[in-house]
Amino acid sequence: MSKTDNKAIIQSLRGMKDIVNDESTLFTYFVDNTSAIAKRYGFSYMETPILEETALFKRSVGESSDIVNKEMYNFTDKGEHEVCLRPEGTAGVVRHFVQKKLDRAGGTQRWYYHGPMFRYERPQKGRLREFHQFGCEVFGVESVIEDANIIMMIKEILEFFGIGFKLQLNSLGDQNCMPQYKENLVNHLSFFREELCEDCQVRIDKNPIRVLDCKNDNCQLKLSNAPKITDNLCDSCNTDFEKLKEILDFNDVKYEIDTNLVRGLDYYSKTAFEFVSNEIGAQSAIAGGGRYDKLVEFLGGRPTPGIGFAIGIERLLELVKMKESKEDIIYMGALDEASVNIVLKIANAKRKTSKTLVEYTPRNFNKHFKLAEKVNANILALIGEKELSEGTIYIKNFITKEEKTIKLEDF
Ligand code: HAM
């Protein structure tokens, strides 16, 4: 479209969409119920800005990651600041934690959030450029019991919505064992360097473990005899990983160990996991997360352990069926002009407790009856000349089929 073509219809951007009607009903249904579960696990709601300094994601998600390298919506603002639309939610929450000096306060913080994230990826089924995440982050808990707790919470969320899933689990080690593992991996890969894809040739130098989850078949072939990350864990990481598996087993949480699962963000250490579904096509990850015990330090804070996850809402909604819960709807109307005011007054009082729809135009009984059926009301409430003079209201209950005229104050 040319800039002068003022009459052309403007479309939403590629990979970005409006959420309306059935989808928005499902969206709020998901957010409301997942928020309720998060609150029961001790999380409180937080919001961070959608726009942040680009440096925040460079330092956390990492300059070697595709997200930062290729997919960020970054630009220079009018004040010459390098800013970007957030590609994920964790970094902003950690920035808040450090900015508010909560790293010095000690104790535990548990937050949940939901909102839009932006990644300039090639759009396809399940992959958008603007998508929504529901995430949780925990600060200050070193125990691996928290890792199990987080995984069980995601399981509870998915089960609430009746979603089948597979849990893939790995441990990435920590600053003690990860460097040695990287060295072993680079030694192995250096024999095939030229045969790896172009991206992996760069990854070997920048962040070799990212080669492990390369989707290229040839790279995967070269990894078949590569050292396994879980065979190189130090004692403390190994003990934690074994304990995590033990707790999950004890709680009947099924999982698969995937030693190539490294996640696309550089901040993880120790536990990393993904929940996948085989019902939504190639983009099968519905949730992902893990530990990030060094991230608070990367962003200038005091050492504080952290762990969290995010669910991709659009991907999940492809799998969600709303549980039947018929909402009570009251339909109110006037049978003549003189009763319109009292109908509106009573309706507004009723709205304090019930969903109440009002027809403003006075109509006869049959017309109101049909309109009430059309909006799926279970109560029809009407006032006309007779009711107005008696201070009463006519009620029909569509479920019990009962009809009666009662005093206004009893309604
Ligand atoms: P992530 O794996 O990059 O992790 O994203 C989490 C989820 O967001 C994915 O599993 C997927 O369902 C969804 N998602 C990602 N990209 C897209 C896309 N382009 N279109 C649609 N859905 C998408 C994170 O973002 C981490 N911040 C999670 C975390 C929280 N780790 C620790 N705390």
# chains A, B, ... in the order shown; residues from 1 in each chain; ligands from 1
$ residues_near_ligand --ligand "ligand 1" --cutoff "6 Å" --atoms "only C-alpha atoms and all ligand atoms" --output "PyMOL selection string"
chain A and resi 88-90+119+126-129+131+133+135+137+285-290+307-312+315
$ select_by_dssp --residues "region 132-231 of chain A" --states "alpha helix (DSSP H)" --output "PDB file with N, CA, C and O atoms, in the first residue's frame"
ATOM      1  N   ILE A 145      13.142 -28.627  45.836  1.00  0.00           N
ATOM      2  CA  ILE A 145      11.714 -28.915  46.068  1.00  0.00           C
ATOM      3  C   ILE A 145      10.865 -27.873  45.330  1.00  0.00           C
ATOM      4  O   ILE A 145       9.798 -28.151  44.825  1.00  0.00           O
ATOM      5  N   GLU A 146      11.414 -26.637  45.247  1.00  0.00           N
ATOM      6  CA  GLU A 146      10.680 -25.587  44.529  1.00  0.00           C
ATOM      7  C   GLU A 146      10.551 -25.947  43.043  1.00  0.00           C
ATOM      8  O   GLU A 146       9.517 -25.689  42.419  1.00  0.00           O
ATOM      9  N   ASP A 147      11.608 -26.562  42.473  1.00  0.00           N
ATOM     10  CA  ASP A 147      11.561 -26.953  41.066  1.00  0.00           C
ATOM     11  C   ASP A 147      10.408 -27.934  40.849  1.00  0.00           C
ATOM     12  O   ASP A 147       9.635 -27.830  39.891  1.00  0.00           O
ATOM     13  N   ALA A 148      10.312 -28.893  41.794  1.00  0.00           N
ATOM     14  CA  ALA A 148       9.244 -29.888  41.693  1.00  0.00           C
ATOM     15  C   ALA A 148       7.884 -29.216  41.875  1.00  0.00           C
ATOM     16  O   ALA A 148       6.924 -29.522  41.151  1.00  0.00           O
ATOM     17  N   ASN A 149       7.832 -28.276  42.817  1.00  0.00           N
ATOM     18  CA  ASN A 149       6.586 -27.568  43.095  1.00  0.00           C
ATOM     19  C   ASN A 149       6.081 -26.818  41.856  1.00  0.00           C
ATOM     20  O   ASN A 149       4.900 -26.877  41.500  1.00  0.00           O
ATOM     21  N   ILE A 150       7.008 -26.145  41.173  1.00  0.00           N
ATOM     22  CA  ILE A 150       6.662 -25.384  39.968  1.00  0.00           C
ATOM     23  C   ILE A 150       6.140 -26.340  38.876  1.00  0.00           C
ATOM     24  O   ILE A 150       5.134 -26.072  38.224  1.00  0.00           O
ATOM     25  N   ILE A 151       6.842 -27.454  38.715  1.00  0.00           N
ATOM     26  CA  ILE A 151       6.433 -28.426  37.688  1.00  0.00           C
ATOM     27  C   ILE A 151       5.044 -28.984  38.010  1.00  0.00           C
ATOM     28  O   ILE A 151       4.187 -29.110  37.139  1.00  0.00           O
ATOM     29  N   MET A 152       4.800 -29.249  39.300  1.00  0.00           N
ATOM     30  CA  MET A 152       3.494 -29.801  39.679  1.00  0.00           C
ATOM     31  C   MET A 152       2.382 -28.761  39.507  1.00  0.00           C
ATOM     32  O   MET A 152       1.254 -29.095  39.196  1.00  0.00           O
ATOM     33  N   MET A 153       2.754 -27.500  39.690  1.00  0.00           N
ATOM     34  CA  MET A 153       1.763 -26.445  39.500  1.00  0.00           C
ATOM     35  C   MET A 153       1.358 -26.358  38.021  1.00  0.00           C
ATOM     36  O   MET A 153       0.169 -26.226  37.695  1.00  0.00           O
ATOM     37  N   ILE A 154       2.344 -26.443  37.120  1.00  0.00           N
ATOM     38  CA  ILE A 154       2.010 -26.402  35.680  1.00  0.00           C
ATOM     39  C   ILE A 154       1.146 -27.607  35.321  1.00  0.00           C
ATOM     40  O   ILE A 154       0.173 -27.498  34.580  1.00  0.00           O
ATOM     41  N   LYS A 155       1.511 -28.750  35.910  1.00  0.00           N
ATOM     42  CA  LYS A 155       0.716 -29.959  35.656  1.00  0.00           C
ATOM     43  C   LYS A 155      -0.731 -29.720  36.098  1.00  0.00           C
ATOM     44  O   LYS A 155      -1.673 -30.060  35.387  1.00  0.00           O
ATOM     45  N   GLU A 156      -0.892 -29.088  37.266  1.00  0.00           N
ATOM     46  CA  GLU A 156      -2.251 -28.832  37.760  1.00  0.00           C
ATOM     47  C   GLU A 156      -3.013 -27.912  36.804  1.00  0.00           C
ATOM     48  O   GLU A 156      -4.186 -28.119  36.510  1.00  0.00           O
ATOM     49  N   ILE A 157      -2.311 -26.890  36.297  1.00  0.00           N
ATOM     50  CA  ILE A 157      -2.965 -25.954  35.357  1.00  0.00           C
ATOM     51  C   ILE A 157      -3.412 -26.719  34.105  1.00  0.00           C
ATOM     52  O   ILE A 157      -4.570 -26.617  33.681  1.00  0.00           O
ATOM     53  N   LEU A 158      -2.504 -27.502  33.545  1.00  0.00           N
ATOM     54  CA  LEU A 158      -2.842 -28.213  32.305  1.00  0.00           C
ATOM     55  C   LEU A 158      -3.969 -29.213  32.551  1.00  0.00           C
ATOM     56  O   LEU A 158      -4.867 -29.365  31.727  1.00  0.00           O
ATOM     57  N   GLU A 159      -3.922 -29.865  33.692  1.00  0.00           N
ATOM     58  CA  GLU A 159      -4.985 -30.835  33.996  1.00  0.00           C
ATOM     59  C   GLU A 159      -6.325 -30.140  34.218  1.00  0.00           C
ATOM     60  O   GLU A 159      -7.360 -30.660  33.835  1.00  0.00           O
ATOM     61  N   PHE A 160      -6.293 -28.940  34.817  1.00  0.00           N
ATOM     62  CA  PHE A 160      -7.545 -28.204  35.020  1.00  0.00           C
ATOM     63  C   PHE A 160      -8.255 -27.997  33.684  1.00  0.00           C
ATOM     64  O   PHE A 160      -9.473 -28.094  33.588  1.00  0.00           O
ATOM     65  N   MET A 178      29.248 -26.710  34.202  1.00  0.00           N
ATOM     66  CA  MET A 178      28.905 -26.312  32.832  1.00  0.00           C
ATOM     67  C   MET A 178      30.141 -25.977  31.967  1.00  0.00           C
ATOM     68  O   MET A 178      30.218 -26.432  30.815  1.00  0.00           O
ATOM     69  N   PRO A 179      31.156 -25.210  32.480  1.00  0.00           N
ATOM     70  CA  PRO A 179      32.299 -24.870  31.610  1.00  0.00           C
ATOM     71  C   PRO A 179      33.032 -26.111  31.106  1.00  0.00           C
ATOM     72  O   PRO A 179      33.398 -26.182  29.932  1.00  0.00           O
ATOM     73  N   GLN A 180      33.212 -27.108  32.007  1.00  0.00           N
ATOM     74  CA  GLN A 180      33.911 -28.336  31.588  1.00  0.00           C
ATOM     75  C   GLN A 180      33.088 -29.077  30.531  1.00  0.00           C
ATOM     76  O   GLN A 180      33.631 -29.588  29.549  1.00  0.00           O
ATOM     77  N   TYR A 181      31.768 -29.104  30.738  1.00  0.00           N
ATOM     78  CA  TYR A 181      30.917 -29.782  29.752  1.00  0.00           C
ATOM     79  C   TYR A 181      31.025 -29.089  28.392  1.00  0.00           C
ATOM     80  O   TYR A 181      31.152 -29.745  27.355  1.00  0.00           O
ATOM     81  N   LYS A 182      31.004 -27.766  28.412  1.00  0.00           N
ATOM     82  CA  LYS A 182      31.099 -27.015  27.146  1.00  0.00           C
ATOM     83  C   LYS A 182      32.393 -27.364  26.427  1.00  0.00           C
ATOM     84  O   LYS A 182      32.414 -27.558  25.213  1.00  0.00           O
ATOM     85  N   GLU A 183      33.472 -27.463  27.229  1.00  0.00           N
ATOM     86  CA  GLU A 183      34.776 -27.787  26.638  1.00  0.00           C
ATOM     87  C   GLU A 183      34.748 -29.176  25.994  1.00  0.00           C
ATOM     88  O   GLU A 183      35.198 -29.363  24.853  1.00  0.00           O
ATOM     89  N   ASN A 184      34.156 -30.141  26.726  1.00  0.00           N
ATOM     90  CA  ASN A 184      34.053 -31.507  26.183  1.00  0.00           C
ATOM     91  C   ASN A 184      33.244 -31.515  24.892  1.00  0.00           C
ATOM     92  O   ASN A 184      33.593 -32.208  23.931  1.00  0.00           O
ATOM     93  N   LEU A 185      32.165 -30.737  24.895  1.00  0.00           N
ATOM     94  CA  LEU A 185      31.292 -30.707  23.711  1.00  0.00           C
ATOM     95  C   LEU A 185      32.020 -30.082  22.519  1.00  0.00           C
ATOM     96  O   LEU A 185      31.952 -30.596  21.393  1.00  0.00           O
ATOM     97  N   VAL A 186      32.723 -28.979  22.792  1.00  0.00           N
ATOM     98  CA  VAL A 186      33.452 -28.307  21.707  1.00  0.00           C
ATOM     99  C   VAL A 186      34.513 -29.255  21.139  1.00  0.00           C
ATOM    100  O   VAL A 186      34.678 -29.373  19.918  1.00  0.00           O
ATOM    101  N   ASN A 187      35.205 -29.987  22.025  1.00  0.00           N
ATOM    102  CA  ASN A 187      36.206 -30.959  21.551  1.00  0.00           C
ATOM    103  C   ASN A 187      35.565 -31.966  20.612  1.00  0.00           C
ATOM    104  O   ASN A 187      36.093 -32.290  19.562  1.00  0.00           O
ATOM    105  N   HIS A 188      34.396 -32.465  21.008  1.00  0.00           N
ATOM    106  CA  HIS A 188      33.702 -33.453  20.183  1.00  0.00           C
ATOM    107  C   HIS A 188      33.288 -32.833  18.837  1.00  0.00           C
ATOM    108  O   HIS A 188      33.524 -33.410  17.775  1.00  0.00           O
ATOM    109  N   LEU A 189      32.693 -31.636  18.916  1.00  0.00           N
ATOM    110  CA  LEU A 189      32.146 -31.021  17.695  1.00  0.00           C
ATOM    111  C   LEU A 189      33.241 -30.526  16.744  1.00  0.00           C
ATOM    112  O   LEU A 189      32.998 -30.390  15.546  1.00  0.00           O
ATOM    113  N   SER A 190      34.421 -30.255  17.298  1.00  0.00           N
ATOM    114  CA  SER A 190      35.461 -29.664  16.449  1.00  0.00           C
ATOM    115  C   SER A 190      35.859 -30.617  15.306  1.00  0.00           C
ATOM    116  O   SER A 190      36.299 -30.175  14.251  1.00  0.00           O
ATOM    117  N   GLU A 198      25.458 -23.499   9.295  1.00  0.00           N
ATOM    118  CA  GLU A 198      26.156 -22.209   9.510  1.00  0.00           C
ATOM    119  C   GLU A 198      25.917 -21.660  10.914  1.00  0.00           C
ATOM    120  O   GLU A 198      26.834 -21.192  11.582  1.00  0.00           O
ATOM    121  N   ASP A 199      24.655 -21.756  11.364  1.00  0.00           N
ATOM    122  CA  ASP A 199      24.321 -21.244  12.704  1.00  0.00           C
ATOM    123  C   ASP A 199      25.145 -21.962  13.777  1.00  0.00           C
ATOM    124  O   ASP A 199      25.675 -21.341  14.697  1.00  0.00           O
ATOM    125  N   CYS A 200      25.259 -23.296  13.640  1.00  0.00           N
ATOM    126  CA  CYS A 200      25.976 -24.064  14.660  1.00  0.00           C
ATOM    127  C   CYS A 200      27.472 -23.766  14.642  1.00  0.00           C
ATOM    128  O   CYS A 200      28.132 -23.844  15.685  1.00  0.00           O
ATOM    129  N   GLN A 201      28.004 -23.418  13.468  1.00  0.00           N
ATOM    130  CA  GLN A 201      29.435 -23.058  13.426  1.00  0.00           C
ATOM    131  C   GLN A 201      29.688 -21.801  14.255  1.00  0.00           C
ATOM    132  O   GLN A 201      30.733 -21.662  14.887  1.00  0.00           O
ATOM    133  N   VAL A 202      28.700 -20.922  14.275  1.00  0.00           N
ATOM    134  CA  VAL A 202      28.826 -19.721  15.125  1.00  0.00           C
ATOM    135  C   VAL A 202      28.585 -20.109  16.588  1.00  0.00           C
ATOM    136  O   VAL A 202      29.283 -19.654  17.497  1.00  0.00           O
ATOM    137  N   ARG A 203      27.571 -20.982  16.791  1.00  0.00           N
ATOM    138  CA  ARG A 203      27.224 -21.378  18.169  1.00  0.00           C
ATOM    139  C   ARG A 203      28.398 -22.044  18.889  1.00  0.00           C
ATOM    140  O   ARG A 203      28.567 -21.849  20.091  1.00  0.00           O
ATOM    141  N   ILE A 204      29.192 -22.841  18.173  1.00  0.00           N
ATOM    142  CA  ILE A 204      30.327 -23.524  18.817  1.00  0.00           C
ATOM    143  C   ILE A 204      31.194 -22.507  19.549  1.00  0.00           C
ATOM    144  O   ILE A 204      31.662 -22.747  20.656  1.00  0.00           O
ATOM    145  N   ASP A 205      31.401 -21.347  18.928  1.00  0.00           N
ATOM    146  CA  ASP A 205      32.274 -20.354  19.549  1.00  0.00           C
ATOM    147  C   ASP A 205      31.550 -19.514  20.592  1.00  0.00           C
ATOM    148  O   ASP A 205      32.109 -19.137  21.605  1.00  0.00           O
ATOM    149  N   LYS A 206      30.260 -19.213  20.320  1.00  0.00           N
ATOM    150  CA  LYS A 206      29.553 -18.290  21.226  1.00  0.00           C
ATOM    151  C   LYS A 206      28.928 -18.990  22.418  1.00  0.00           C
ATOM    152  O   LYS A 206      29.030 -18.540  23.550  1.00  0.00           O
ATOM    153  N   ASP A 217      18.836 -31.814  10.769  1.00  0.00           N
ATOM    154  CA  ASP A 217      19.024 -33.269  10.922  1.00  0.00           C
ATOM    155  C   ASP A 217      20.497 -33.651  10.934  1.00  0.00           C
ATOM    156  O   ASP A 217      20.918 -34.516  11.704  1.00  0.00           O
ATOM    157  N   ASN A 218      21.279 -32.999  10.076  1.00  0.00           N
ATOM    158  CA  ASN A 218      22.696 -33.333   9.989  1.00  0.00           C
ATOM    159  C   ASN A 218      23.421 -33.015  11.308  1.00  0.00           C
ATOM    160  O   ASN A 218      24.234 -33.805  11.793  1.00  0.00           O
ATOM    161  N   CYS A 219      23.088 -31.855  11.893  1.00  0.00           N
ATOM    162  CA  CYS A 219      23.714 -31.489  13.179  1.00  0.00           C
ATOM    163  C   CYS A 219      23.317 -32.509  14.246  1.00  0.00           C
ATOM    164  O   CYS A 219      24.149 -32.922  15.061  1.00  0.00           O
ATOM    165  N   GLN A 220      22.062 -32.925  14.222  1.00  0.00           N
ATOM    166  CA  GLN A 220      21.597 -33.909  15.213  1.00  0.00           C
ATOM    167  C   GLN A 220      22.354 -35.228  15.070  1.00  0.00           C
ATOM    168  O   GLN A 220      22.701 -35.863  16.061  1.00  0.00           O
ATOM    169  N   LEU A 221      22.655 -35.593  13.805  1.00  0.00           N
ATOM    170  CA  LEU A 221      23.411 -36.827  13.534  1.00  0.00           C
ATOM    171  C   LEU A 221      24.800 -36.755  14.177  1.00  0.00           C
ATOM    172  O   LEU A 221      25.281 -37.695  14.800  1.00  0.00           O
ATOM    173  N   LYS A 222      25.401 -35.578  14.037  1.00  0.00           N
ATOM    174  CA  LYS A 222      26.763 -35.407  14.573  1.00  0.00           C
ATOM    175  C   LYS A 222      26.767 -35.403  16.106  1.00  0.00           C
ATOM    176  O   LYS A 222      27.806 -35.532  16.742  1.00  0.00           O
TER     177      LYS A 222
END
$ residues_around --residues "Gly281 (chain A)" --least-positions-apart "2" --cutoff "8 Å" --atoms "only C-alpha atoms" --output "PyMOL selection string"
chain A and resi 125-126+278-279+283-284
$ atom_distance --atom1 "CA of Pro87 (chain A)" --atom2 "CA of Met72 (chain A)"
6.6 Å
$ residues_around --residues "Leu85 (chain A)" --least-positions-apart "5" --cutoff "12 Å" --atoms "only C-alpha atoms" --output "MDAnalysis selection string"
chainID A and resid 48:57 67:68 71:77 92 115:120 129:131
$ write_last_selection --atoms "N, CA and C atoms" --output "compact mmCIF listing (two decimals), in the first residue's frame"
# COMPACT_ATOMS: atom_id res chain seq x y z
N THR A 48 4.90 -5.65 34.40
CA THR A 48 6.09 -4.85 34.08
C THR A 48 5.83 -4.20 32.72
N PRO A 49 6.58 -3.13 32.39
CA PRO A 49 6.31 -2.46 31.11
C PRO A 49 6.60 -3.36 29.90
N ILE A 50 5.89 -3.11 28.84
CA ILE A 50 6.11 -3.88 27.60
C ILE A 50 7.40 -3.40 26.93
N LEU A 51 7.69 -2.12 27.11
CA LEU A 51 8.91 -1.54 26.52
C LEU A 51 10.01 -1.50 27.59
N GLU A 52 11.18 -2.03 27.25
CA GLU A 52 12.31 -2.02 28.20
C GLU A 52 13.57 -1.63 27.44
N GLU A 53 14.64 -1.34 28.20
CA GLU A 53 15.93 -1.10 27.56
C GLU A 53 16.41 -2.37 26.87
N THR A 54 16.91 -2.24 25.68
CA THR A 54 17.39 -3.42 24.93
C THR A 54 18.46 -4.17 25.71
N ALA A 55 19.29 -3.41 26.45
CA ALA A 55 20.39 -4.02 27.21
C ALA A 55 19.89 -5.07 28.20
N LEU A 56 18.66 -4.89 28.70
CA LEU A 56 18.11 -5.85 29.67
C LEU A 56 18.08 -7.25 29.07
N PHE A 57 17.66 -7.36 27.83
CA PHE A 57 17.53 -8.69 27.22
C PHE A 57 18.88 -9.19 26.71
N ILE A 67 16.63 -15.17 20.03
CA ILE A 67 15.65 -14.15 20.45
C ILE A 67 16.27 -12.76 20.39
N VAL A 68 17.49 -12.62 20.95
CA VAL A 68 18.14 -11.31 20.98
C VAL A 68 18.79 -10.98 19.63
N GLU A 71 15.43 -11.71 16.66
CA GLU A 71 13.96 -11.60 16.74
C GLU A 71 13.45 -10.38 17.50
N MET A 72 14.33 -9.50 17.97
CA MET A 72 13.83 -8.41 18.81
C MET A 72 13.26 -7.24 17.99
N TYR A 73 12.18 -6.68 18.50
CA TYR A 73 11.62 -5.45 17.94
C TYR A 73 12.32 -4.30 18.67
N ASN A 74 13.53 -3.96 18.23
CA ASN A 74 14.25 -2.91 18.94
C ASN A 74 14.38 -1.65 18.07
N PHE A 75 14.43 -0.52 18.72
CA PHE A 75 14.56 0.75 18.01
C PHE A 75 15.11 1.82 18.95
N THR A 76 15.51 2.95 18.37
CA THR A 76 15.99 4.07 19.19
C THR A 76 14.81 5.01 19.39
N ASP A 77 14.50 5.34 20.64
CA ASP A 77 13.32 6.20 20.86
C ASP A 77 13.70 7.68 20.69
N GLY A 92 12.16 -8.70 32.75
CA GLY A 92 11.54 -7.52 33.35
C GLY A 92 11.26 -7.73 34.83
N GLY A 115 0.70 -11.30 29.74
CA GLY A 115 0.68 -10.15 28.84
C GLY A 115 1.34 -10.48 27.53
N PRO A 116 1.37 -9.48 26.62
CA PRO A 116 1.91 -9.70 25.28
C PRO A 116 3.44 -9.71 25.25
N MET A 117 3.99 -10.56 24.41
CA MET A 117 5.43 -10.64 24.16
C MET A 117 5.61 -10.53 22.64
N PHE A 118 6.79 -10.09 22.22
CA PHE A 118 7.00 -9.82 20.79
C PHE A 118 8.29 -10.46 20.30
N ARG A 119 8.18 -11.27 19.26
CA ARG A 119 9.39 -11.86 18.64
C ARG A 119 9.20 -11.81 17.13
N TYR A 120 10.18 -11.25 16.46
CA TYR A 120 10.08 -11.16 15.00
C TYR A 120 10.51 -12.49 14.39
N ARG A 129 4.05 -13.23 16.01
CA ARG A 129 5.03 -12.18 16.35
C ARG A 129 4.60 -11.43 17.60
N GLU A 130 3.29 -11.32 17.81
CA GLU A 130 2.80 -10.89 19.13
C GLU A 130 2.04 -12.07 19.71
N PHE A 131 2.47 -12.56 20.85
CA PHE A 131 1.77 -13.67 21.49
C PHE A 131 1.70 -13.34 22.99
$ closest_residue --among "A:Gly173, A:Gly333, A:Pro362, A:Pro123" --to "Leu13 (chain A)" --atoms "only C-alpha atoms"
A:Pro123
$ select_by_dssp --residues "region 76-310 of chain A" --states "strand (DSSP E)" --output "ChimeraX atom specification"
/A:76,82-85,109-118,130-139,166-171,256-257,271-276,285-291,306-310
$ atom_distance --atom1 "CA of Asn176 (chain A)" --atom2 "CA of Glu63 (chain A)"
21.9 Å
$ residues_around --residues "region 21-36 of chain A" --least-positions-apart "2" --cutoff "10 Å" --atoms "only C-alpha atoms" --output "number ranges by chain"
A: 18-19, 38-41, 43-45, 112-115, 132-136, 153-154, 156-158, 160-161, 313-314, 316-318, 320-323
$ closest_residue --among "A:Leu244, A:Leu408, A:Leu233, A:Val340" --to "Glu390 (chain A)" --atoms "only C-alpha atoms"
A:Leu408
